[in-house]
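Following: one structure in C-alpha cells, then a few remarks.
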Amino acid sequence: MSVSDDDRDPSTDRDVTDDAISDEEVDEVLQEIERKRSLAGPAAVAVAVVGISFSVFQMWLAARGFVLSVTLPGLGTFTLAALQLLQINAIHVAFALVLTFLLYPSVTGDGVVWSRARSLSARQDELLGRGHPVARATRAVGAGASWLLVDREMERVTPLDLVLSGIAVLAAAYFVTDFQEIQRMRALGLEAGRPIQEVFTFLDPLTPLLGPLAETSYAFVLGVIGVLLVLEATRRAISLYLMIIVASFVVYARFGFLIPQDAAYVGVLSIPPLDWTSIVQNLWYNTENGVFGIPVTVSVQFIYIFILFGAFLEMSGAGQWFIDLAYGVTGTRQGGPAKASILASGFMGTISGSSIANTVTTGAFTIPLMKRSGYRPEFAGGVEASASSGGQILPPVMGAAAFLIVQYTVTPFRDVIVAATIPAIVFFFGVWVMVHFEASKEGIGGLDPSELVDVRDHLRSGWFYLVPIGLLLFYLIVERLSVARSAWFTLIAIGALITLVAAYSDETRGRLGAIFGVLFVGTLLAELLAGAGVLGAIAGEGEGPQSLGAAFAATVGELGGIAIVAGVLTLATRPYLDSPILAYDDAVDDAAETTAAAIGRSEWASNGLYRLGTFLGTSMESGARTAVPVVVAVAAAGIIPGVISVSGLGPNLVALIRAVAGGSLVLLLLVTAVASIILGMGMPTTVTYIILVSLLAPALVGFGVPELAAHLFILYFGVIADITPPVAVAAYAASGVAKSDAFQTGIEAFSLSLNKAIVPFAFILTPGIVLLRRKENASELPLGEQYRVVQFSDFLDPAFAVFEVAIPVLAVFVGVVALAATVIGHVSAPLSRGRRAAFAASSVLLMAPGLAVSGLFDLLGLVGVPGVEVTLVLDIGLRAVGLALFLALVVEDRRRADPTTDPTPDPGPA
C-alpha cells in the first residue's frame, strides 16, 4: 500500500496510516472479547428501559435507603414499599439476570455440538435424500432448536432468553410478595413452604398433572431454578470456566461427605452430609452467604453507584478531556506519548473498573500515538494494558474489589484508600520509569507542541471535570461520610455541573446567573421562614422559622438541585444553544441523533435540553451495562463462601493450606500469588478476590499477616491476572488495537507490571509500606487485628516514621528503578546480562529483603539449616547493601554512556 508524504511520520520515517484504529474496529475488538449482542429496534429499547430502570432503582436506594417513598407537595409522603436487605439484593440480581439474558447470547452456533449436529444432518440428507420424511423431520427439529436457542449474528433475542428473563422476574417477585413466608421458612426449613398450586391458585385444577411438584415447596423449586439461572448467566457473561468452578462447589456441598476422613491430604475436605433443601436455603435465601450474600450486598450499597459515577463522568466527555490533559502535560517529554498513556489510562481505569473496556477505549487514542512516536506495537499495547489494569488499585475508587475489602475486613473506606495509595503510586512510577528507559534505548522523543493542547487553556475550559473527584475525596476523607452517601452526593454534583455547563454560553451566562440567584434566594427565604424548600413552603410543610445560619446551611445542601433547575430553565428558554465548553462523549451524540430520528424529530438532536436528557439516559444505561458482568460475577462467586460456610469447611481448609506451606510464609505467599493469577485468568478481579479471600486469607492471617495487607495482596495478584499470559485478556484487547502479536503483547504487559508482583511481597513483610502499624495491645488481640492504619500522631514517633515507613518506602521507589533497568536492559547505556542480574539483585534487596532472606533459609531448611528472624536491623542493613549496589551500577552506567570517559564498548549482549 503506497502512502503520500503527508501520511508519513517525519520523525521515524514510518507509515502511520495503518496505526490509526477506527470506531468500528474498536467495537469489533470489544465485541470479540465481551461477546455482547449488537441490538437494534425493540430489543435495544427494551435493554435501555431495563438498564435505566436498574440505575433509577439504585439511585433511589442511594438517596432514600430501603424505604421506597414519594413526597408530593401538599399531599404528603406516600410509602410504596419498605424492603428488607434480602429483597433488595434479589431485585438487584434479577435486574442483572434480565440484562444478561438480553445482552449475551446463549449459543451462537459455532461450537462443537452445533457444528457436529449440522454435519450429521447433512450426512443424513446425503444418505436418505432431502425429501425423506426422516430428513425433513430432522431439519425441522434443528430449525426449531435454532430458532429457540441460537443467535448466530449476535443481534437477536431468542425465545429462550425471554423465558429465562421472565423466570428471573418471577423469582424476584416472590421475595417481594411472599417475604413473610420466606422468614418463616428460615426457622422451619424450605419444606414448610407452600407448593406451587397454593402460590398460584389458578393451577389448583391442574394439581394431578403436576406430579412431584404438587408435593414440593415452591420456594425450593424457585431456589433451585434461581441458582441455575445464576450459573447460566455466569457462563454467558463471564466464562464457562467460572461456571464450572462454582457448580463444582455446589456439587461438593451435596457429595463432599463421600470423601473418606482418613484419606491422605484430602481427608480434611470431608464434610458432614447435607441435603439439597438445606443447601438451597443457604445459597438462595441468605444474606450472609450464597447468591445474595456479602458480595451482592456490597454491589447494592457501593459498587453500582460508583460504576454509575464513572459512567456519568465518562459520558460527560471527561475521558477525552483527561487524555488531552495527560498529553498536554507529558506529550513533549522523551517518550511522552507512553507517559501520557500511563496517566490517562490509570485515571480512566480507576473510574471504569474494567481493564478491558478501558484498554480498548483509551487505547484507541493512545496506542496509535505511541506507535507513531517509535514504540514497538507490542510495547505500546503492553503499556496501555498495564496502566489500564493498574487503575483497579489506584485510589480513590479502585474498581469494585476495594468495596469488598471494606465489607470483608470491616475497615473504613478512608483507611483502605490510605493503605493502598503508596503501592499504587509505586506501580505507576515503575511503569513510567520503564517507558522512559525504553524511550532512551530507542531514541524516542516527544510530540510536537503544536499537536497538543495548551494545559492552562485546557484546565480553564474543563476544570469542572476535576470537581467530582475532589468532592469524592472530600466526602470520604474530610467529612468521613459513608461510601454510598459520598458517591450519591458526588453523582448529584456531576449532574449539577453538567447541567450548568450545558446551559452556559456568552449569551446565556447572565440569564443563567440570574435564575440561579433567584432560586438560591428563594430557597434561603423558604428555609428561613418555613424550614422547608420552596415547594414545601408553598404546600405549608416545614418545621417553622429557623435561624439564618441553619437556613443558609440547608440552602447550601440543596445547591445541586438548585443548579440543575437553573440549568434546565435556561436551556428551556434557549433550547438550541451551542455550549462552547461542553463536549459530550460520542455515545451521547449518537444516541441523541438516533432517538430523535426514530421519533421523527431530527432537529431535537441539536436541542440542548433534549441532549441533556439523552446524556442522563445514556449514562444510566451505560452504567447498567457495565455493572451486569460485575453483579453476575459477585452473585456467582458468593456461592463459594456460602458452601464453605454451610459445610464447615473453613477451618479444615486453613489446616490443609498451612500443611502444604510447611510453616513457610514465603511459600504460602507464592501459593497465593500463583493461585490468584491462575484463577484470575479471564475472570473479573472481583471474582478472583472473593474466591481467594474465602480460601486463602484466613491462612495468611494465621501467619500473623495484617488482615488488610492480606486482602490487598490477593487483590494485587487478581489484577495481575488480566495481563498475565497465556490468558491475558487486557493485553489481548490491547493487541487488537495495536495490531500486534497477542502473546508478545501479554509478555510486554506482564514485564511492565512486574513491580506490581514484587510490591505486595514487600508490604506483607514490611506493613509500614501500606501505612499499617502494630497496635500497642497487639499481644492481647487475635491475629489479623493486631495492626491499624497510621494516624498523623504516628509520624511524630521518629523510630517508626523513619525506620518502618520512610526508609522502606524510599527503598521501594529506588527498587522499582532498578527493576526497570533489569526489564528494559538500558539506563543511560545498554546493559549486559551480568549488569541486569546485578540490578535485579539490588531491586530485591531494596524492595523486599525479607523475601530474599526468608526464601533462602526456607531452602536451607530442607537440609537442616535453621532459619533466622528478619529483624529491623537486618532489614535496614540489606536495603543499604541494595542501595550501595544500585548506586555503583548507576555510576558505572553513566561512565559507560559518556564516550569521553570510557570509549570501550560494553562486551556483554544487551
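Labels for the C-alpha cells follow display order: chains A, B, ..., residues from 1 in each chain, ligands from 1.
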
Could you give me the residues within region 772-819 of chain A that DSSP places in strand (DSSP E), as a list in words?
Leu772, Arg773, Arg774, Tyr787, Arg788 and Val789 of chain A

Dump all heavy atoms for the selected residues as an mmCIF file, in the first residue's frame?
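As a result, out-v8.cif now contains:
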```cif
data_model
loop_
_atom_site.group_PDB
_atom_site.id
_atom_site.type_symbol
_atom_site.label_atom_id
_atom_site.label_comp_id
_atom_site.auth_asym_id
_atom_site.auth_seq_id
_atom_site.Cartn_x
_atom_site.Cartn_y
_atom_site.Cartn_z
ATOM 1 N N LEU A 772 0.573 0.670 57.807
ATOM 2 C CA LEU A 772 -0.017 -0.085 58.907
ATOM 3 C C LEU A 772 0.981 -0.125 60.053
ATOM 4 O O LEU A 772 2.193 -0.297 59.834
ATOM 5 C CB LEU A 772 -0.374 -1.507 58.476
ATOM 6 C CG LEU A 772 -1.469 -1.651 57.412
ATOM 7 C CD1 LEU A 772 -1.659 -3.121 57.052
ATOM 8 C CD2 LEU A 772 -2.786 -1.065 57.898
ATOM 9 N N ARG A 773 0.483 0.008 61.275
ATOM 10 C CA ARG A 773 1.336 -0.037 62.461
ATOM 11 C C ARG A 773 0.757 -1.009 63.472
ATOM 12 O O ARG A 773 -0.463 -1.069 63.674
ATOM 13 C CB ARG A 773 1.464 1.347 63.087
ATOM 14 C CG ARG A 773 2.473 1.372 64.236
ATOM 15 C CD ARG A 773 2.641 2.765 64.819
ATOM 16 N NE ARG A 773 3.766 2.788 65.746
ATOM 17 C CZ ARG A 773 4.144 3.855 66.443
ATOM 18 N NH1 ARG A 773 3.469 5.007 66.310
ATOM 19 N NH2 ARG A 773 5.184 3.809 67.258
ATOM 20 N N ARG A 774 1.629 -1.724 64.115
ATOM 21 C CA ARG A 774 1.214 -2.679 65.134
ATOM 22 C C ARG A 774 0.612 -1.929 66.324
ATOM 23 O O ARG A 774 1.162 -0.940 66.800
ATOM 24 C CB ARG A 774 2.413 -3.519 65.580
ATOM 25 C CG ARG A 774 2.068 -4.702 66.464
ATOM 26 C CD ARG A 774 3.339 -5.515 66.738
ATOM 27 N NE ARG A 774 3.073 -6.616 67.640
ATOM 28 C CZ ARG A 774 2.627 -7.799 67.280
ATOM 29 N NH1 ARG A 774 2.386 -8.030 65.996
ATOM 30 N NH2 ARG A 774 2.406 -8.758 68.155
ATOM 31 N N TYR A 787 -2.952 -4.877 63.773
ATOM 32 C CA TYR A 787 -2.428 -3.687 63.087
ATOM 33 C C TYR A 787 -3.563 -2.695 62.812
ATOM 34 O O TYR A 787 -4.723 -3.080 62.705
ATOM 35 C CB TYR A 787 -1.763 -4.082 61.761
ATOM 36 C CG TYR A 787 -0.439 -4.783 61.924
ATOM 37 C CD1 TYR A 787 -0.379 -6.144 62.219
ATOM 38 C CD2 TYR A 787 0.765 -4.095 61.785
ATOM 39 C CE1 TYR A 787 0.831 -6.797 62.371
ATOM 40 C CE2 TYR A 787 1.982 -4.742 61.930
ATOM 41 C CZ TYR A 787 2.015 -6.085 62.225
ATOM 42 O OH TYR A 787 3.218 -6.723 62.371
ATOM 43 N N ARG A 788 -3.196 -1.453 62.686
ATOM 44 C CA ARG A 788 -4.142 -0.399 62.345
ATOM 45 C C ARG A 788 -3.487 0.552 61.353
ATOM 46 O O ARG A 788 -2.252 0.615 61.236
ATOM 47 C CB ARG A 788 -4.560 0.379 63.601
ATOM 48 C CG ARG A 788 -3.388 1.043 64.325
ATOM 49 C CD ARG A 788 -3.856 1.938 65.459
ATOM 50 N NE ARG A 788 -2.722 2.463 66.241
ATOM 51 C CZ ARG A 788 -1.982 3.489 65.874
ATOM 52 N NH1 ARG A 788 -2.238 4.115 64.733
ATOM 53 N NH2 ARG A 788 -0.972 3.908 66.635
ATOM 54 N N VAL A 789 -4.318 1.298 60.638
ATOM 55 C CA VAL A 789 -3.808 2.305 59.713
ATOM 56 C C VAL A 789 -3.242 3.474 60.510
ATOM 57 O O VAL A 789 -3.816 3.883 61.528
ATOM 58 C CB VAL A 789 -4.932 2.781 58.776
ATOM 59 C CG1 VAL A 789 -4.451 3.934 57.884
ATOM 60 C CG2 VAL A 789 -5.418 1.634 57.908
#
```

All alpha helix (DSSP H) residues (DSSP, backbone) inside region 380-545 of chain A, as number ranges by chain:
A: 380-390, 401-409, 413-442, 455-462, 466-473, 483-502, 509-530, 534-538

Using C-alpha atoms, can you write the selected residues to a file as an mmCIF file, in the first residue's frame?
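out-v3.cif written:
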```cif
data_model
loop_
_atom_site.group_PDB
_atom_site.id
_atom_site.type_symbol
_atom_site.label_atom_id
_atom_site.label_comp_id
_atom_site.auth_asym_id
_atom_site.auth_seq_id
_atom_site.Cartn_x
_atom_site.Cartn_y
_atom_site.Cartn_z
ATOM 1 C CA ALA A 380 2.640 0.170 23.068
ATOM 2 C CA GLY A 381 -0.107 -2.361 23.707
ATOM 3 C CA GLY A 382 1.668 -3.576 26.819
ATOM 4 C CA VAL A 383 1.893 -0.050 28.252
ATOM 5 C CA GLU A 384 -1.811 0.543 27.701
ATOM 6 C CA ALA A 385 -2.868 -2.814 29.175
ATOM 7 C CA SER A 386 -0.555 -2.445 32.159
ATOM 8 C CA ALA A 387 -1.738 1.073 33.032
ATOM 9 C CA SER A 388 -5.411 0.252 32.454
ATOM 10 C CA SER A 389 -5.297 -2.803 34.710
ATOM 11 C CA GLY A 390 -3.423 -0.767 37.306
ATOM 12 C CA ALA A 401 -12.883 -5.062 44.765
ATOM 13 C CA ALA A 402 -11.965 -2.198 47.109
ATOM 14 C CA PHE A 403 -15.540 -2.070 48.344
ATOM 15 C CA LEU A 404 -15.429 -5.781 49.053
ATOM 16 C CA ILE A 405 -12.306 -5.169 51.144
ATOM 17 C CA VAL A 406 -14.274 -2.606 53.148
ATOM 18 C CA GLN A 407 -17.019 -5.128 53.864
ATOM 19 C CA TYR A 408 -14.892 -8.219 54.485
ATOM 20 C CA THR A 409 -12.356 -6.512 56.748
ATOM 21 C CA PHE A 413 -13.053 3.086 53.071
ATOM 22 C CA ARG A 414 -10.857 6.027 54.045
ATOM 23 C CA ASP A 415 -8.373 3.625 55.646
ATOM 24 C CA VAL A 416 -8.391 1.371 52.575
ATOM 25 C CA ILE A 417 -7.537 4.402 50.424
ATOM 26 C CA VAL A 418 -4.709 5.398 52.761
ATOM 27 C CA ALA A 419 -3.257 1.890 52.797
ATOM 28 C CA ALA A 420 -3.474 1.445 49.028
ATOM 29 C CA THR A 421 -2.043 4.812 47.978
ATOM 30 C CA ILE A 422 1.720 4.228 48.249
ATOM 31 C CA PRO A 423 1.783 0.831 46.463
ATOM 32 C CA ALA A 424 -0.368 2.283 43.664
ATOM 33 C CA ILE A 425 1.952 5.262 43.213
ATOM 34 C CA VAL A 426 4.935 2.910 43.242
ATOM 35 C CA PHE A 427 3.363 0.823 40.478
ATOM 36 C CA PHE A 428 2.669 3.741 38.149
ATOM 37 C CA PHE A 429 6.071 5.235 38.909
ATOM 38 C CA GLY A 430 7.669 1.922 37.963
ATOM 39 C CA VAL A 431 5.849 1.743 34.622
ATOM 40 C CA TRP A 432 6.766 5.391 33.994
ATOM 41 C CA VAL A 433 10.473 4.634 34.543
ATOM 42 C CA MET A 434 10.294 1.613 32.236
ATOM 43 C CA VAL A 435 8.812 3.571 29.350
ATOM 44 C CA HIS A 436 11.414 6.295 29.947
ATOM 45 C CA PHE A 437 14.248 3.765 29.727
ATOM 46 C CA GLU A 438 12.661 2.258 26.614
ATOM 47 C CA ALA A 439 12.454 5.725 25.040
ATOM 48 C CA SER A 440 16.087 6.345 25.914
ATOM 49 C CA LYS A 441 17.033 2.959 24.496
ATOM 50 C CA GLU A 442 15.207 3.506 21.182
ATOM 51 C CA VAL A 455 -2.501 22.975 29.569
ATOM 52 C CA ARG A 456 -3.626 26.287 31.081
ATOM 53 C CA ASP A 457 -6.353 26.840 28.494
ATOM 54 C CA HIS A 458 -7.390 23.202 28.803
ATOM 55 C CA LEU A 459 -7.733 23.471 32.580
ATOM 56 C CA ARG A 460 -9.717 26.697 32.258
ATOM 57 C CA SER A 461 -12.154 25.113 29.825
ATOM 58 C CA GLY A 462 -12.634 21.821 31.665
ATOM 59 C CA LEU A 466 -11.930 17.768 38.375
ATOM 60 C CA VAL A 467 -14.612 18.892 40.813
ATOM 61 C CA PRO A 468 -16.359 15.493 41.227
ATOM 62 C CA ILE A 469 -13.074 13.773 42.067
ATOM 63 C CA GLY A 470 -12.218 16.465 44.599
ATOM 64 C CA LEU A 471 -15.696 16.274 46.123
ATOM 65 C CA LEU A 472 -15.482 12.493 46.382
ATOM 66 C CA LEU A 473 -12.224 12.716 48.311
ATOM 67 C CA VAL A 483 -19.152 5.298 50.789
ATOM 68 C CA ALA A 484 -22.702 5.184 49.427
ATOM 69 C CA ARG A 485 -23.565 8.718 50.561
ATOM 70 C CA SER A 486 -20.276 10.075 49.240
ATOM 71 C CA ALA A 487 -20.914 8.537 45.836
ATOM 72 C CA TRP A 488 -24.503 9.789 45.793
ATOM 73 C CA PHE A 489 -23.547 13.370 46.618
ATOM 74 C CA THR A 490 -20.796 13.251 44.010
ATOM 75 C CA LEU A 491 -23.273 11.933 41.443
ATOM 76 C CA ILE A 492 -25.591 14.848 42.175
ATOM 77 C CA ALA A 493 -22.607 17.188 41.801
ATOM 78 C CA ILE A 494 -21.809 15.759 38.359
ATOM 79 C CA GLY A 495 -25.405 16.213 37.243
ATOM 80 C CA ALA A 496 -25.478 19.788 38.549
ATOM 81 C CA LEU A 497 -22.160 20.729 36.948
ATOM 82 C CA ILE A 498 -23.009 19.239 33.561
ATOM 83 C CA THR A 499 -26.413 20.924 33.570
ATOM 84 C CA LEU A 500 -24.867 24.313 34.372
ATOM 85 C CA VAL A 501 -22.108 23.906 31.788
ATOM 86 C CA ALA A 502 -24.618 22.744 29.145
ATOM 87 C CA ARG A 509 -24.422 33.406 31.348
ATOM 88 C CA GLY A 510 -26.291 36.467 32.622
ATOM 89 C CA ARG A 511 -29.627 34.697 32.378
ATOM 90 C CA LEU A 512 -28.218 31.556 33.998
ATOM 91 C CA GLY A 513 -26.692 33.545 36.847
ATOM 92 C CA ALA A 514 -29.909 35.470 37.435
ATOM 93 C CA ILE A 515 -32.051 32.317 37.523
ATOM 94 C CA PHE A 516 -29.571 30.630 39.849
ATOM 95 C CA GLY A 517 -29.532 33.687 42.131
ATOM 96 C CA VAL A 518 -33.333 33.889 42.274
ATOM 97 C CA LEU A 519 -33.614 30.193 43.088
ATOM 98 C CA PHE A 520 -30.922 30.449 45.756
ATOM 99 C CA VAL A 521 -32.509 33.466 47.444
ATOM 100 C CA GLY A 522 -35.968 31.909 47.187
ATOM 101 C CA THR A 523 -34.764 28.704 48.786
ATOM 102 C CA LEU A 524 -32.950 30.627 51.504
ATOM 103 C CA LEU A 525 -36.095 32.621 52.349
ATOM 104 C CA ALA A 526 -38.229 29.467 52.339
ATOM 105 C CA GLU A 527 -35.824 27.730 54.692
ATOM 106 C CA LEU A 528 -35.600 30.832 56.894
ATOM 107 C CA LEU A 529 -39.370 31.384 57.174
ATOM 108 C CA ALA A 530 -40.792 27.873 56.875
ATOM 109 C CA VAL A 534 -39.693 26.361 48.098
ATOM 110 C CA LEU A 535 -42.227 23.678 47.173
ATOM 111 C CA GLY A 536 -42.546 22.555 50.778
ATOM 112 C CA ALA A 537 -43.107 26.117 51.941
ATOM 113 C CA ILE A 538 -45.820 26.665 49.289
#
```

Looking at A:Phe379, A:Phe717, A:Trp604, A:Tyr584, which one is nearest to Val671 (chain A), with distances taken over only C-alpha atoms?
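Of A:Phe379, A:Phe717, A:Trp604, A:Tyr584, the one nearest Val671 (chain A), counting only C-alpha atoms, is A:Phe717.
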
Kindly give the distance, in Å, that separates CA of Ile279 (chain A) and CA of Gln180 (chain A), rounded to a single decimal.
20.5 Å

Smallest atom-to-atom distance to Gln546 (chain A): which of A:Ala532, A:Ser828, A:Ala587, A:Pro205, using only C-alpha atoms?
A:Ala532

If we count only C-alpha atoms and set the cut-off at 12 Å, which residues sit around Gly51 (chain A), ignoring sequence neighbours fewer than 3 positions away in its own chain? Please answer as a PyMOL selection string.
chain A and resi 44-48+54-58+92+94-100+102-103+308+617-628

Please produce a file of the residues just selected, as a compact mmCIF listing (two decimals), in the first residue's frame, where the atoms kept are N, CA, C and O atoms.
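Done, and the output landed in result05.txt:
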```txt
# COMPACT_ATOMS: atom_id res chain seq x y z
N ALA A 44 -33.33 -3.22 21.50
CA ALA A 44 -32.46 -2.17 22.05
C ALA A 44 -33.25 -1.27 23.00
O ALA A 44 -32.73 -0.84 24.04
N VAL A 45 -34.49 -0.99 22.65
CA VAL A 45 -35.34 -0.17 23.53
C VAL A 45 -35.58 -0.90 24.85
O VAL A 45 -35.53 -0.29 25.93
N ALA A 46 -35.83 -2.22 24.76
CA ALA A 46 -36.06 -3.00 25.98
C ALA A 46 -34.84 -2.97 26.89
O ALA A 46 -34.96 -2.80 28.11
N VAL A 47 -33.65 -3.13 26.31
CA VAL A 47 -32.42 -3.09 27.10
C VAL A 47 -32.26 -1.72 27.74
O VAL A 47 -31.90 -1.60 28.92
N ALA A 48 -32.54 -0.66 26.98
CA ALA A 48 -32.41 0.69 27.52
C ALA A 48 -33.39 0.90 28.67
O ALA A 48 -33.03 1.48 29.71
N PHE A 54 -32.90 -0.02 36.18
CA PHE A 54 -31.92 -0.55 37.14
C PHE A 54 -31.18 0.60 37.82
O PHE A 54 -31.03 0.64 39.05
N SER A 55 -30.73 1.55 37.01
CA SER A 55 -29.98 2.68 37.57
C SER A 55 -30.86 3.56 38.45
O SER A 55 -30.43 4.03 39.50
N VAL A 56 -32.10 3.79 38.01
CA VAL A 56 -33.02 4.60 38.81
C VAL A 56 -33.28 3.92 40.16
O VAL A 56 -33.30 4.58 41.21
N PHE A 57 -33.46 2.62 40.14
CA PHE A 57 -33.67 1.86 41.38
C PHE A 57 -32.49 2.03 42.32
O PHE A 57 -32.64 2.30 43.52
N GLN A 58 -31.28 1.91 41.78
CA GLN A 58 -30.09 2.04 42.63
C GLN A 58 -29.90 3.48 43.12
O GLN A 58 -29.46 3.70 44.25
N HIS A 92 -31.88 -6.59 42.83
CA HIS A 92 -30.61 -6.20 42.22
C HIS A 92 -30.10 -7.29 41.28
O HIS A 92 -29.74 -7.02 40.11
N ALA A 94 -31.86 -9.77 40.02
CA ALA A 94 -32.83 -10.02 38.95
C ALA A 94 -32.63 -9.05 37.79
O ALA A 94 -32.71 -9.45 36.62
N PHE A 95 -32.40 -7.78 38.09
CA PHE A 95 -32.11 -6.82 37.03
C PHE A 95 -30.90 -7.29 36.20
O PHE A 95 -30.92 -7.25 34.97
N ALA A 96 -29.85 -7.71 36.90
CA ALA A 96 -28.63 -8.14 36.20
C ALA A 96 -28.89 -9.39 35.37
O ALA A 96 -28.38 -9.52 34.25
N LEU A 97 -29.70 -10.32 35.88
CA LEU A 97 -30.01 -11.55 35.13
C LEU A 97 -30.79 -11.22 33.86
O LEU A 97 -30.49 -11.75 32.78
N VAL A 98 -31.79 -10.36 33.98
CA VAL A 98 -32.58 -9.99 32.80
C VAL A 98 -31.69 -9.36 31.74
O VAL A 98 -31.75 -9.71 30.55
N LEU A 99 -30.84 -8.42 32.14
CA LEU A 99 -29.95 -7.78 31.18
C LEU A 99 -28.95 -8.77 30.59
O LEU A 99 -28.59 -8.67 29.41
N THR A 100 -28.51 -9.72 31.39
CA THR A 100 -27.59 -10.74 30.87
C THR A 100 -28.25 -11.55 29.78
O THR A 100 -27.66 -11.78 28.70
N LEU A 102 -30.66 -10.71 27.89
CA LEU A 102 -30.94 -9.88 26.73
C LEU A 102 -29.67 -9.50 25.96
O LEU A 102 -29.71 -9.38 24.73
N LEU A 103 -28.57 -9.34 26.68
CA LEU A 103 -27.34 -8.84 26.05
C LEU A 103 -26.39 -9.93 25.59
O LEU A 103 -25.62 -9.73 24.64
N LEU A 308 -21.92 3.83 38.27
CA LEU A 308 -22.75 4.88 37.72
C LEU A 308 -22.01 6.22 37.74
O LEU A 308 -22.10 7.02 36.79
N GLY A 617 -29.94 9.61 30.28
CA GLY A 617 -30.38 8.26 29.93
C GLY A 617 -29.23 7.38 29.48
O GLY A 617 -29.13 6.22 29.88
N THR A 618 -28.35 7.93 28.63
CA THR A 618 -27.20 7.16 28.14
C THR A 618 -26.27 6.78 29.28
O THR A 618 -25.75 5.66 29.33
N SER A 619 -26.06 7.70 30.21
CA SER A 619 -25.19 7.41 31.36
C SER A 619 -25.77 6.30 32.20
O SER A 619 -25.05 5.38 32.64
N MET A 620 -27.07 6.36 32.45
CA MET A 620 -27.69 5.32 33.28
C MET A 620 -27.70 3.97 32.59
O MET A 620 -27.45 2.94 33.22
N GLU A 621 -27.95 3.97 31.28
CA GLU A 621 -27.91 2.70 30.55
C GLU A 621 -26.48 2.15 30.50
O GLU A 621 -26.25 0.95 30.69
N SER A 622 -25.51 3.02 30.24
CA SER A 622 -24.12 2.59 30.19
C SER A 622 -23.67 2.03 31.54
O SER A 622 -22.98 1.01 31.59
N GLY A 623 -24.08 2.69 32.62
CA GLY A 623 -23.74 2.18 33.95
C GLY A 623 -24.32 0.80 34.18
O GLY A 623 -23.65 -0.09 34.72
N ALA A 624 -25.56 0.59 33.76
CA ALA A 624 -26.19 -0.72 33.94
C ALA A 624 -25.48 -1.78 33.11
O ALA A 624 -25.24 -2.90 33.59
N ARG A 625 -25.15 -1.46 31.86
CA ARG A 625 -24.44 -2.43 31.02
C ARG A 625 -23.09 -2.80 31.62
O ARG A 625 -22.68 -3.97 31.59
N THR A 626 -22.38 -1.79 32.14
CA THR A 626 -21.08 -2.06 32.75
C THR A 626 -21.23 -2.90 34.01
O THR A 626 -20.38 -3.75 34.31
N ALA A 627 -22.31 -2.67 34.76
CA ALA A 627 -22.49 -3.36 36.04
C ALA A 627 -22.90 -4.81 35.88
O ALA A 627 -22.69 -5.61 36.79
N VAL A 628 -23.51 -5.16 34.74
CA VAL A 628 -24.07 -6.50 34.58
C VAL A 628 -23.05 -7.61 34.86
O VAL A 628 -23.29 -8.48 35.71
```

Considering only C-alpha atoms, return as a PyMOL selection string whatever protein or nucleic-acid residues lie within 12 Å of Ala888 (chain A), sequence-local ones (same chain, fewer than 4 positions apart) excluded.
chain A and resi 818+835+838-839+842+881-884+892-895
